[in-house]
Number of protein chains: 2
Amino acid sequence: MNPKALNGLDVEAMRMAVATVGAQPEAARARKAARVRWVERLKFRAYVRNHTFEVDEPSHLAGEDASPTSMEYVLGALGTCLATGFVFNATQRGISIRNLEVALESAQDNYFTFLGLAADGHPGFDEVAVKLYVQADAEEAVIREVWEHTVRTSPVGNSLGRSVTIRAEVDVVP
Amino acid sequence: MNPKALNGLDVEAMRMAVATVGAQPEAARARKAARVRWVERLKFRAYVRNHTFEVDEPSHLAGEDASPTSMEYVLGALGTCLATGFVFNATQRGISIRNLEVALESAQDNYFTFLGLAADGHPGFDEVAVKLYVQADAEEAVIREVWEHTVRTSPVGNSLGRSVTIRAEVDVVP
């Protein structure tokens with residue numbers, strides 16, 4: 001065990017990693033790419049860098065429930081983004097975390113729009129409630145400050161909380 | 001092989017599944033829940049219903065790159081949501097799909113806000129370009145119509161394209 005480790009992380013190495021990214025101005029505009037391929041029925045596999053993950057629909061939507069749905073990945077990703085940010089920010093401030101869990105609850109209205117059962121409506125998330133449960137070696141006021149900073153600077157939180165421009169096109173292959 | 005199957009899906013069973021959901025008015029307001037637990041360092045595990053998935057950060061951010069990042073899950077989930085919707089809608093219209101792939105490219109600015117290197121800025125996605133490549137037994141105009149309907153009614157697309165209210169709180173455990 002690295003004697004300089006905090007929350008399992010080498011704080012000095014983490015600061016150097018951040019400084020290295022910060023020295024590249026083009027890194028401020030982060031770019032990502034993904035591909036999605038059809039496996040069968042309503043199963044799909046997403047490819048991002050050297051990773052893949054699978055998506056399916058539950059049985060009440062004619063899927064086989066082999067994997068989470070797309071919306072479940074988004075909800076979980078909001079939680080993991082906030083959890084990652086909290087551990088990242090707390091560690092940089094020298095706070096030791098003993099225990100951490102995030103609970104999320106969401107509602108979307110009107111889901112029937114996706115199913116073709118309603119002509120109008122917003123089938124995306126209307127609201128998401130997120131609650132962080134945390135035990136850490138710091139004053140409660142400091143923990144609240146780190147959490148508020150984390151929420152404010154969360155990439156997934158900001159992607160959902162503001163409007164992202166989606167440019168969608170189709171290439172019909174003969 | 002079910003003789004009534006189209007794109008591997010039993011069209012009649014799919015229509016009945018949708019009708020069954022449609023008969024429950026409360027299903028229009030779909031609710032989802034997720035939990036996120038800390039595994040170690042910057043690794044987290046998300047729990048949704050009977051499924052789990054893991055998230056990590058790449059090595060240039062002090063992670064070990066064991067899994068996709070939270071933002072990569074969101075980008076991939078946008079692609080899988082659009083792909084799912086397209087197969088779902090095309091199948092209901094009796095269109096046989098021979099091949100399908102979705103490519104996504106995104107940009108976020110300013111990522112440095114998440115890293116604590118910039119005080120202001122929007123660390124979420126600014127824009128995402130999505131391109132569907134598809135080979136299907138239908139007129140190009142029909143395929144374009146199905147795609148446009150799919151984009152308009154996509155749950156993940158609508159979650160990113162509009163503003164979701166995020167209510168975040170913290171429970172500091174003594």
# chains A, B, ... in the order shown; residues from 1 in each chain; ligands from 1
call {"tool": "residues_around", "arguments": {"residues": "region 30-44 of chain A", "least_positions_apart": "6", "cutoff": "7 Å", "atoms": "only C-alpha atoms", "output": "list in words"}}
result
Glu54, Val55, Asp56, Glu57 and Gly63 of chain A; Asn7, Gly8, Leu9, Leu75, Gly76, Gly79, Thr80, Thr84, Leu100, Glu101, Val102, Ala103, Leu104, Glu105, Ser106, Ala107, Gln108, Asp109 and Tyr111 of chain B
call {"tool": "write_last_selection", "arguments": {"atoms": "N, CA, C and O atoms", "output": "CSV table (one decimal), in the first residue's frame"}}
result
chain,number,residue,atom,x,y,z
A,54,GLU,N,-23.4,-4.0,-23.4
A,54,GLU,CA,-24.6,-4.5,-24.1
A,54,GLU,C,-25.9,-3.9,-23.5
A,54,GLU,O,-26.0,-3.6,-22.3
A,55,VAL,N,-26.9,-3.7,-24.4
A,55,VAL,CA,-28.1,-3.1,-24.0
A,55,VAL,C,-29.3,-4.0,-24.5
A,55,VAL,O,-29.2,-4.6,-25.6
A,56,ASP,N,-30.3,-4.1,-23.7
A,56,ASP,CA,-31.5,-4.9,-24.2
A,56,ASP,C,-32.7,-4.2,-23.6
A,56,ASP,O,-32.6,-3.2,-22.9
A,57,GLU,N,-33.9,-4.7,-24.0
A,57,GLU,CA,-35.2,-4.2,-23.4
A,57,GLU,C,-35.8,-5.3,-22.5
A,57,GLU,O,-35.5,-6.5,-22.7
A,63,GLY,N,-38.3,-7.5,-25.4
A,63,GLY,CA,-36.9,-7.8,-25.3
A,63,GLY,C,-36.7,-9.1,-24.4
A,63,GLY,O,-37.6,-9.7,-24.0
B,7,ASN,N,-37.1,-9.4,-38.2
B,7,ASN,CA,-35.9,-8.8,-37.5
B,7,ASN,C,-35.7,-9.6,-36.2
B,7,ASN,O,-35.3,-9.0,-35.2
B,8,GLY,N,-36.1,-10.9,-36.2
B,8,GLY,CA,-36.0,-11.7,-35.0
B,8,GLY,C,-37.1,-11.5,-34.0
B,8,GLY,O,-37.1,-12.2,-33.0
B,9,LEU,N,-38.0,-10.6,-34.3
B,9,LEU,CA,-39.1,-10.3,-33.3
B,9,LEU,C,-40.4,-10.8,-33.8
B,9,LEU,O,-40.7,-10.7,-35.0
B,75,LEU,N,-23.0,8.5,-24.0
B,75,LEU,CA,-22.9,8.6,-25.5
B,75,LEU,C,-23.3,7.3,-26.1
B,75,LEU,O,-24.1,7.3,-27.1
B,76,GLY,N,-22.8,6.1,-25.6
B,76,GLY,CA,-23.3,4.8,-26.2
B,76,GLY,C,-24.8,4.6,-26.0
B,76,GLY,O,-25.4,4.1,-26.9
B,79,GLY,N,-26.8,6.2,-28.6
B,79,GLY,CA,-26.8,5.4,-29.8
B,79,GLY,C,-27.7,4.2,-29.7
B,79,GLY,O,-28.4,3.9,-30.7
B,80,THR,N,-27.6,3.5,-28.6
B,80,THR,CA,-28.4,2.3,-28.5
B,80,THR,C,-29.9,2.6,-28.4
B,80,THR,O,-30.7,1.8,-28.8
B,84,THR,N,-32.4,1.1,-30.9
B,84,THR,CA,-33.6,0.3,-30.4
B,84,THR,C,-34.9,0.8,-31.0
B,84,THR,O,-35.7,0.1,-31.5
B,100,LEU,N,-27.5,-2.7,-39.7
B,100,LEU,CA,-27.7,-1.4,-39.0
B,100,LEU,C,-26.5,-1.1,-38.1
B,100,LEU,O,-26.0,-2.0,-37.5
B,101,GLU,N,-26.1,0.1,-38.2
B,101,GLU,CA,-25.0,0.6,-37.3
B,101,GLU,C,-25.2,2.1,-37.0
B,101,GLU,O,-25.7,2.8,-37.9
B,102,VAL,N,-24.8,2.5,-35.8
B,102,VAL,CA,-24.9,3.9,-35.5
B,102,VAL,C,-23.5,4.4,-35.1
B,102,VAL,O,-22.8,3.7,-34.3
B,103,ALA,N,-23.1,5.5,-35.6
B,103,ALA,CA,-21.8,6.1,-35.3
B,103,ALA,C,-22.1,7.4,-34.5
B,103,ALA,O,-23.0,8.2,-35.0
B,104,LEU,N,-21.4,7.7,-33.5
B,104,LEU,CA,-21.6,8.9,-32.7
B,104,LEU,C,-20.3,9.6,-32.4
B,104,LEU,O,-19.2,9.0,-32.2
B,105,GLU,N,-20.3,11.0,-32.5
B,105,GLU,CA,-19.2,11.8,-32.2
B,105,GLU,C,-19.7,12.9,-31.4
B,105,GLU,O,-20.7,13.6,-31.7
B,106,SER,N,-18.9,13.2,-30.3
B,106,SER,CA,-19.4,14.3,-29.4
B,106,SER,C,-18.2,15.3,-29.1
B,106,SER,O,-17.0,14.9,-29.2
B,107,ALA,N,-18.6,16.4,-28.6
B,107,ALA,CA,-17.6,17.4,-28.1
B,107,ALA,C,-18.2,18.0,-26.8
B,107,ALA,O,-19.4,18.2,-26.7
B,108,GLN,N,-17.4,18.2,-25.8
B,108,GLN,CA,-17.8,18.8,-24.6
B,108,GLN,C,-16.8,20.0,-24.3
B,108,GLN,O,-15.6,19.8,-24.6
B,109,ASP,N,-17.3,21.1,-23.8
B,109,ASP,CA,-16.4,22.2,-23.6
B,109,ASP,C,-17.1,23.0,-22.5
B,109,ASP,O,-18.2,23.5,-22.6
B,111,TYR,N,-14.2,20.9,-20.5
B,111,TYR,CA,-13.9,19.7,-19.6
B,111,TYR,C,-13.0,20.1,-18.4
B,111,TYR,O,-13.1,19.5,-17.4
call {"tool": "residues_around", "arguments": {"residues": "Leu6 (chain A)", "least_positions_apart": "5", "cutoff": "7 Å", "atoms": "only C-alpha atoms", "output": "ChimeraX atom specification"}}
result
/A:11,91,96
call {"tool": "residues_around", "arguments": {"residues": "Asp137 (chain B)", "least_positions_apart": "4", "cutoff": "10 Å", "atoms": "only C-alpha atoms", "output": "list in words"}}
result
Pro174 of chain A; Gly94, Ile95, Ser96, Ile97, Arg98, Val142 and Ile143 of chain B
call {"tool": "closest_residue", "arguments": {"among": "A:Phe86, A:Tyr73, A:Phe114, A:Phe53", "to": "Ala136 (chain A)", "atoms": "only C-alpha atoms"}}
result
A:Phe86
call {"tool": "closest_atom_pairs", "arguments": {"of": "region 51-150 of chain A", "to": "region 157-173 of chain A", "cutoff": "12 Å", "atoms": "only C-alpha atoms", "output": "CSV"}}
result
residue,atom,partner,partner_atom,distance
A:Val74,CA,A:Leu160,CA,9.3
A:Leu75,CA,A:Leu160,CA,10.1
A:Gly76,CA,A:Gly157,CA,11.6
A:Ala77,CA,A:Gly157,CA,9.3
A:Leu78,CA,A:Gly157,CA,6.2
A:Gly79,CA,A:Gly157,CA,9.0
A:Thr80,CA,A:Gly157,CA,10.5
A:Cys81,CA,A:Gly157,CA,7.8
A:Leu82,CA,A:Gly157,CA,7.8
A:Ala83,CA,A:Gly157,CA,11.5
A:Gly85,CA,A:Gly157,CA,10.8
A:Gly124,CA,A:Leu160,CA,10.0
A:Phe125,CA,A:Leu160,CA,8.7
A:Asp126,CA,A:Leu160,CA,10.0
A:Glu127,CA,A:Gly161,CA,9.4
A:Val128,CA,A:Leu160,CA,9.7
A:Ala129,CA,A:Gly157,CA,11.6
A:Val130,CA,A:Gly157,CA,10.5
A:Glu148,CA,A:Gly157,CA,11.9
A:His149,CA,A:Gly157,CA,11.8
A:Thr150,CA,A:Gly157,CA,9.4
call {"tool": "write_last_selection", "arguments": {"atoms": "N, CA and C atoms", "output": "tab-separated table (two decimals), in the first residue's frame"}}
result
chain	number	residue	atom	x	y	z
A	74	VAL	N	-28.14	5.59	-18.60
A	74	VAL	CA	-28.02	7.04	-18.39
A	74	VAL	C	-28.23	7.37	-16.91
A	75	LEU	N	-29.26	6.77	-16.31
A	75	LEU	CA	-29.52	7.05	-14.89
A	75	LEU	C	-28.34	6.60	-14.02
A	76	GLY	N	-27.85	5.38	-14.26
A	76	GLY	CA	-26.69	4.90	-13.50
A	76	GLY	C	-25.46	5.76	-13.75
A	77	ALA	N	-25.29	6.21	-14.99
A	77	ALA	CA	-24.12	7.03	-15.34
A	77	ALA	C	-24.16	8.40	-14.66
A	78	LEU	N	-25.36	8.93	-14.44
A	78	LEU	CA	-25.44	10.18	-13.67
A	78	LEU	C	-24.92	9.94	-12.25
A	79	GLY	N	-25.34	8.82	-11.67
A	79	GLY	CA	-24.88	8.49	-10.31
A	79	GLY	C	-23.39	8.23	-10.24
A	80	THR	N	-22.86	7.49	-11.21
A	80	THR	CA	-21.42	7.19	-11.18
A	80	THR	C	-20.60	8.44	-11.46
A	81	CYS	N	-21.12	9.35	-12.29
A	81	CYS	CA	-20.39	10.59	-12.57
A	81	CYS	C	-20.30	11.43	-11.30
A	82	LEU	N	-21.41	11.54	-10.57
A	82	LEU	CA	-21.40	12.32	-9.33
A	82	LEU	C	-20.54	11.64	-8.27
A	83	ALA	N	-20.59	10.32	-8.21
A	83	ALA	CA	-19.76	9.59	-7.24
A	83	ALA	C	-18.27	9.76	-7.57
A	85	GLY	N	-16.87	12.21	-9.30
A	85	GLY	CA	-16.48	13.59	-9.00
A	85	GLY	C	-16.28	13.83	-7.52
A	124	GLY	N	-38.39	11.65	-22.41
A	124	GLY	CA	-37.14	11.62	-21.64
A	124	GLY	C	-37.39	11.82	-20.16
A	125	PHE	N	-36.31	11.88	-19.39
A	125	PHE	CA	-36.45	12.15	-17.96
A	125	PHE	C	-37.01	13.56	-17.75
A	126	ASP	N	-38.01	13.68	-16.87
A	126	ASP	CA	-38.48	15.00	-16.44
A	126	ASP	C	-37.58	15.48	-15.31
A	127	GLU	N	-37.40	14.59	-14.34
A	127	GLU	CA	-36.60	14.95	-13.18
A	127	GLU	C	-35.92	13.72	-12.62
A	128	VAL	N	-34.80	13.98	-11.99
A	128	VAL	CA	-34.05	12.91	-11.33
A	128	VAL	C	-33.70	13.40	-9.94
A	129	ALA	N	-34.00	12.59	-8.94
A	129	ALA	CA	-33.60	12.90	-7.56
A	129	ALA	C	-32.37	12.06	-7.24
A	130	VAL	N	-31.35	12.72	-6.77
A	130	VAL	CA	-30.09	12.04	-6.45
A	130	VAL	C	-29.77	12.29	-4.98
A	148	GLU	N	-21.63	20.07	-3.47
A	148	GLU	CA	-22.23	21.11	-4.32
A	148	GLU	C	-21.32	21.44	-5.51
A	149	HIS	N	-20.03	21.50	-5.25
A	149	HIS	CA	-19.07	21.73	-6.34
A	149	HIS	C	-19.14	20.57	-7.35
A	150	THR	N	-19.23	19.36	-6.83
A	150	THR	CA	-19.29	18.16	-7.68
A	150	THR	C	-20.53	18.18	-8.58
call {"tool": "select_by_dssp", "arguments": {"residues": "region 1-166 of chain B", "states": "strand (DSSP E)", "output": "PyMOL selection string"}}
result
chain B and resi 5-6+9-10+30-40+43-48+51-55+97-109+122-136+165-166
call {"tool": "closest_residue", "arguments": {"among": "B:Ala17, B:Val146, B:Gln24, B:Pro58", "to": "chain A", "atoms": "only C-alpha atoms"}}
result
B:Ala17
call {"tool": "select_by_dssp", "arguments": {"residues": "region 13-149 of chain A", "states": "alpha helix (DSSP H)", "output": "number ranges by chain"}}
result
A: 13-22, 70-92, 112-115, 140-149
call {"tool": "atom_distance", "arguments": {"atom1": "CA of Leu132 (chain A)", "atom2": "CA of Pro155 (chain A)"}}
result
17.0 Å
